[in-house]
There are 2 protein chains.
Amino acid sequence: MHAIAIHGGAGAVPRAQLTPERERLYRDGLAAALDAGYAVLESGGGSLDAVTAAVRVLEDDPLFNAGRGAALTRDGAAELDAAIMEGRQQRAGAVAGVRHVRNPVELARRVMERSRHVLLVGPGAEEFALEEGLTLVPNHYFRTAERVAQLEAEQRGERVSELIPVPRGTVGAVARDRAGNLAAATSTGGMTNKRPGRVGDSPIIGAGTFARNGVCAVSATGHGEYFIRCVAAFHVCAAVEHRGLTLQQAVAEVLHQVLKAMGGDGGLIAVGADGHVVMDFSSDGMFRGARSSEGLHEIAIY
Amino acid sequence: MHAIAIHGGAGAVPRAQLTPERERLYRDGLAAALDAGYAVLESGGGSLDAVTAAVRVLEDDPLFNAGRGAALTRDGAAELDAAIMEGRQQRAGAVAGVRHVRNPVELARRVMERSRHVLLVGPGAEEFALEEGLTLVPNHYFRTAERVAQLEAEQRGERVSELIPVPRGTVGAVARDRAGNLAAATSTGGMTNKRPGRVGDSPIIGAGTFARNGVCAVSATGHGEYFIRCVAAFHVCAAVEHRGLTLQQAVAEVLHQVLKAMGGDGGLIAVGADGHVVMDFSSDGMFRGARSSEGLHEIAIY
């Protein structure tokens, strides 16, 4: 079985705030990303290419908090983080604090495949992007009118969700290809009004992103600090590999026990060694979708 | 039992290269750090203060690769990373890519105690340092003649260890105080000739640093990319908590099985819930020391 699952963020998007029209836009965006990733798998491509393709679509879509349309720092800039990991050799690449790379997930993949390193941050990451021939874009490419309004509202002390219902968190994808290889990718603009230089769980291998063949691939979204402190994604993998929990039980344990005890919430998507998909969350909702060669085909928010 | 263990890096320091005089300098430096941390515990202080005190001494000592005397980037600058974590509530703080903070471990602790965040990188981390009233120092404060020579040698293509025997890796400390609270801290200048913006495992919670009361506290040193990919420190904790491995077995599994299979090497220090200390490595040596209220008192390199 080949399968892919994606998320487009979790958190405070009260159902009452989401107009049918806006919900359709989100569902269309999720469907486009899901189909882009699934098409790769369907044509015999690898899970790494599938998660890259899906996350790239979500980064390009201004509705989601990654790439274009990212949440803005308190200085009004977009600062982007991303990670990618493949399960066969557990290779990984990640970037944080990037301001001019159109698709951070692509840069993360270059870090994995073409550097000796796993994590590059800030101007050093963009230096590497230039060496790799990636075109940099001005920071205003990422800034949308909605995100500027959201930042201004938050800085006036208004609750963001009361103004514009946009998902918190991140975007991400997990996949299993026909060869059984697992991969995970996560990308984010972080929290609205965040301190410049703040890095959440998305680019932290083990926290927001993890993949290990024969076990599972995981991508997280939510209040990143909590996911870092409990090493959420790796906790899921270790629980499945060593404690005999099902993937569903392991995901539920992290969200509804470990994170909850700390006071954190969010969501996780995961795919198991057999292609079984799990999507769970402890927040109001999670923008998500999944498709598999056994007929699973789902887009959901609540 | 209260106990503390420290490391001052692992890796290529061939025994033949280490003159007796130089070895004494390293041993004196380790002893000073160990005693500073142990004095905190002995006077009834907390494990968090103990690991902070020990790591601060190692950061200030130009012999070790953290703070003053840090390994230099390919641009000739010092770029520093650090993390700290306490086991009671699993709070954590970390910084990466810092160039002007004299004691990065102190800034990491401020991030933990006085911000909403876990990880701050680059200029944003230094902005926070200034807001917190920490004094910034010029980057040349960190650069020693030996590290400049080491960088130049590496850039000429010479093997560093043939010129100057300095430990690779990081410095770190783990401790258990009388109240049973565990803490871990790690600080580093990273790899000599590293790409600016490269971040290793030291500031990554779960990879280079982790602490959980009732289980263990862990600090890592070695080839950071491998420690990130296998989430080394948390792997140890999860193995002890959920699989019934002893701390020694769990540390050995990571070093001699998981990391080895990937091609990585390095060392780990850990202290268990009962104050039992484990120090193990798969590299040529690991600069290390440990003291406990039950009479353990050890300084060693090989």
# chains A, B, ... in the order shown; residues from 1 in each chain; ligands from 1
$ closest_atom_pairs --of "chain A" --to "chain B" --cutoff "10 Å" --atoms "only C-alpha atoms" --output "Markdown table"
| residue | atom | partner | partner_atom | distance |
| --- | --- | --- | --- | --- |
| A:Met85 | CA | B:Arg229 | CA | 8.8 |
| A:Gln89 | CA | B:Met262 | CA | 7.8 |
| A:Gln90 | CA | B:Arg229 | CA | 6.2 |
| A:Arg91 | CA | B:Arg229 | CA | 6.6 |
| A:Ala92 | CA | B:Arg229 | CA | 6.6 |
| A:Gly93 | CA | B:Arg229 | CA | 9.3 |
| A:Ala94 | CA | B:Val199 | CA | 9.9 |
| A:Val95 | CA | B:Gly197 | CA | 9.3 |
| A:Ala96 | CA | B:Val121 | CA | 8.4 |
| A:Gly97 | CA | B:Val121 | CA | 7.7 |
| A:Ser115 | CA | B:Arg195 | CA | 9.8 |
| A:Arg116 | CA | B:Glu225 | CA | 8.1 |
| A:His117 | CA | B:Glu225 | CA | 6.1 |
| A:Val118 | CA | B:Glu225 | CA | 5.8 |
| A:Leu119 | CA | B:Val199 | CA | 5.4 |
| A:Leu120 | CA | B:Arg198 | CA | 4.5 |
| A:Val121 | CA | B:Gly197 | CA | 4.8 |
| A:Gly122 | CA | B:Gly197 | CA | 6.2 |
| A:Pro123 | CA | B:Gly197 | CA | 6.8 |
| A:Gly124 | CA | B:Gly197 | CA | 4.3 |
| A:Ala125 | CA | B:Gly197 | CA | 6.1 |
| A:Glu126 | CA | B:Gly197 | CA | 9.1 |
| A:Glu127 | CA | B:Pro196 | CA | 8.7 |
| A:Phe128 | CA | B:Arg195 | CA | 8.7 |
| A:Lys194 | CA | B:His117 | CA | 9.4 |
| A:Arg195 | CA | B:Gly124 | CA | 7.0 |
| A:Pro196 | CA | B:Gly124 | CA | 5.0 |
| A:Gly197 | CA | B:Gly124 | CA | 4.3 |
| A:Arg198 | CA | B:Leu120 | CA | 4.5 |
| A:Val199 | CA | B:Leu119 | CA | 5.4 |
| A:Gly200 | CA | B:Leu119 | CA | 7.0 |
| A:Asp201 | CA | B:Leu119 | CA | 9.1 |
| A:Ile204 | CA | B:Ile204 | CA | 7.0 |
| A:Ile205 | CA | B:Ile228 | CA | 6.5 |
| A:Gly206 | CA | B:Val231 | CA | 6.1 |
| A:Ala207 | CA | B:Gly206 | CA | 8.0 |
| A:Phe210 | CA | B:Arg229 | CA | 8.7 |
| A:Ala211 | CA | B:Arg229 | CA | 9.5 |
| A:Arg212 | CA | B:Cys230 | CA | 9.6 |
| A:Gly224 | CA | B:His117 | CA | 8.8 |
| A:Glu225 | CA | B:Val118 | CA | 5.8 |
| A:Tyr226 | CA | B:Val118 | CA | 8.7 |
| A:Ile228 | CA | B:Ile205 | CA | 6.6 |
| A:Arg229 | CA | B:Gln90 | CA | 6.2 |
| A:Cys230 | CA | B:Gln90 | CA | 7.6 |
| A:Val231 | CA | B:Gly206 | CA | 6.1 |
| A:Ala232 | CA | B:Gly206 | CA | 9.8 |
| A:Phe234 | CA | B:Val231 | CA | 7.4 |
| A:His235 | CA | B:Ala238 | CA | 7.9 |
| A:Ala238 | CA | B:Ala238 | CA | 7.4 |
| A:Ala239 | CA | B:His242 | CA | 8.4 |
| A:His242 | CA | B:Arg243 | CA | 7.1 |
| A:Arg243 | CA | B:His242 | CA | 7.1 |
| A:Ala261 | CA | B:Gln89 | CA | 9.8 |
| A:Met262 | CA | B:Gln89 | CA | 7.8 |
$ select_by_dssp --residues "stretch 144-235 of chain A" --states "alpha helix (DSSP H)" --output "list in words"
Ala145, Glu146, Arg147, Val148, Ala149, Gln150, Leu151, Glu152, Ala153, Glu154, Gln155, Val160, Ser161, Glu162, Leu163, Gly224, Glu225, Tyr226, Phe227, Ile228, Arg229, Ala232, Ala233, Phe234 and His235 of chain A
$ atom_distance --atom1 "atom CA of A:Val254" --atom2 "atom CA of B:Gln248"
26.3 Å
$ atom_distance --atom1 "atom CA of A:Tyr26" --atom2 "atom CA of A:Ala300"
9.7 Å
$ residues_around --residues "stretch 268-272 of chain B" --least-positions-apart "3" --cutoff "6 Å" --atoms "only C-alpha atoms" --output "count of residues only"
12
$ atom_distance --atom1 "atom CA of B:Gln257" --atom2 "atom CA of B:Met286"
18.2 Å
$ closest_residue --among "B:Ala149, B:Leu296, B:Ala10, B:Leu80" --to "B:Leu34" --atoms "only C-alpha atoms"
B:Leu296
$ residues_around --residues "A:Leu58" --least-positions-apart "3" --cutoff "12 Å" --atoms "only C-alpha atoms" --output "ChimeraX atom specification"
/A:6-9,26-37,51-55,61-70,102-105,170-173,185-189,287-288
$ closest_residue --among "A:Pro14, A:Met1, A:Leu72, A:Ser202" --to "A:Asp284" --atoms "only C-alpha atoms"
A:Pro14
$ select_by_dssp --residues "stretch 160-261 of chain B" --states "strand (DSSP E or B)" --output "PyMOL selection string"
chain B and resi 168+171-176+182-188+194+198-199+205+209-212+216-222
$ closest_residue --among "B:Ala71, B:Ala179, B:Val101, B:Ile299" --to "B:Glu152" --atoms "only C-alpha atoms"
B:Ala71
$ closest_residue --among "B:Leu245, B:Arg88, B:Arg143, B:Ser47" --to "B:Asp60" --atoms "only C-alpha atoms"
B:Arg143
$ closest_residue --among "A:Gly46, A:Gly11, A:Gly76, A:Pro203" --to "A:Leu151" --atoms "only C-alpha atoms"
A:Gly76
$ residues_around --residues "A:His223" --least-positions-apart "3" --cutoff "7 Å" --atoms "only C-alpha atoms" --output "list in words"
Gly169, Tyr226, Phe227, Gly264, Asp265 and Gly266 of chain A
$ write_last_selection --atoms "all heavy atoms" --output "PDB file, in the first residue's frame"
ATOM      1  N   GLY A 169       0.043  27.081  13.514  1.00  0.00           N
ATOM      2  CA  GLY A 169       0.893  25.923  13.322  1.00  0.00           C
ATOM      3  C   GLY A 169       1.583  25.899  11.991  1.00  0.00           C
ATOM      4  O   GLY A 169       2.206  26.881  11.596  1.00  0.00           O
ATOM      5  N   TYR A 226       5.976  22.934  23.246  1.00  0.00           N
ATOM      6  CA  TYR A 226       5.610  21.708  23.955  1.00  0.00           C
ATOM      7  C   TYR A 226       6.077  20.465  23.190  1.00  0.00           C
ATOM      8  O   TYR A 226       6.513  19.484  23.795  1.00  0.00           O
ATOM      9  CB  TYR A 226       4.109  21.653  24.192  1.00  0.00           C
ATOM     10  CG  TYR A 226       3.619  22.744  25.117  1.00  0.00           C
ATOM     11  CD1 TYR A 226       3.086  23.926  24.629  1.00  0.00           C
ATOM     12  CD2 TYR A 226       3.723  22.596  26.496  1.00  0.00           C
ATOM     13  CE1 TYR A 226       2.643  24.928  25.481  1.00  0.00           C
ATOM     14  CE2 TYR A 226       3.289  23.590  27.360  1.00  0.00           C
ATOM     15  CZ  TYR A 226       2.757  24.759  26.845  1.00  0.00           C
ATOM     16  OH  TYR A 226       2.337  25.744  27.690  1.00  0.00           O
ATOM     17  N   PHE A 227       5.963  20.538  21.877  1.00  0.00           N
ATOM     18  CA  PHE A 227       6.390  19.392  21.064  1.00  0.00           C
ATOM     19  C   PHE A 227       7.899  19.181  21.173  1.00  0.00           C
ATOM     20  O   PHE A 227       8.378  18.049  21.116  1.00  0.00           O
ATOM     21  CB  PHE A 227       5.980  19.593  19.598  1.00  0.00           C
ATOM     22  CG  PHE A 227       4.514  19.374  19.347  1.00  0.00           C
ATOM     23  CD1 PHE A 227       3.581  20.334  19.685  1.00  0.00           C
ATOM     24  CD2 PHE A 227       4.054  18.188  18.779  1.00  0.00           C
ATOM     25  CE1 PHE A 227       2.223  20.141  19.463  1.00  0.00           C
ATOM     26  CE2 PHE A 227       2.700  17.975  18.554  1.00  0.00           C
ATOM     27  CZ  PHE A 227       1.791  18.952  18.894  1.00  0.00           C
ATOM     28  N   GLY A 264      -0.015  21.638  26.627  1.00  0.00           N
ATOM     29  CA  GLY A 264       0.108  21.943  25.205  1.00  0.00           C
ATOM     30  C   GLY A 264      -0.941  21.235  24.361  1.00  0.00           C
ATOM     31  O   GLY A 264      -1.488  20.213  24.781  1.00  0.00           O
ATOM     32  N   ASP A 265      -1.213  21.788  23.193  1.00  0.00           N
ATOM     33  CA  ASP A 265      -2.110  21.077  22.280  1.00  0.00           C
ATOM     34  C   ASP A 265      -1.621  21.209  20.846  1.00  0.00           C
ATOM     35  O   ASP A 265      -0.700  21.958  20.539  1.00  0.00           O
ATOM     36  CB  ASP A 265      -3.561  21.530  22.433  1.00  0.00           C
ATOM     37  CG  ASP A 265      -3.769  22.968  21.967  1.00  0.00           C
ATOM     38  OD1 ASP A 265      -2.804  23.609  21.488  1.00  0.00           O
ATOM     39  OD2 ASP A 265      -4.905  23.451  22.081  1.00  0.00           O
ATOM     40  N   GLY A 266      -2.265  20.448  19.972  1.00  0.00           N
ATOM     41  CA  GLY A 266      -1.877  20.448  18.572  1.00  0.00           C
ATOM     42  C   GLY A 266      -2.317  19.159  17.912  1.00  0.00           C
ATOM     43  O   GLY A 266      -3.248  18.504  18.390  1.00  0.00           O
TER      44      GLY A 266
END
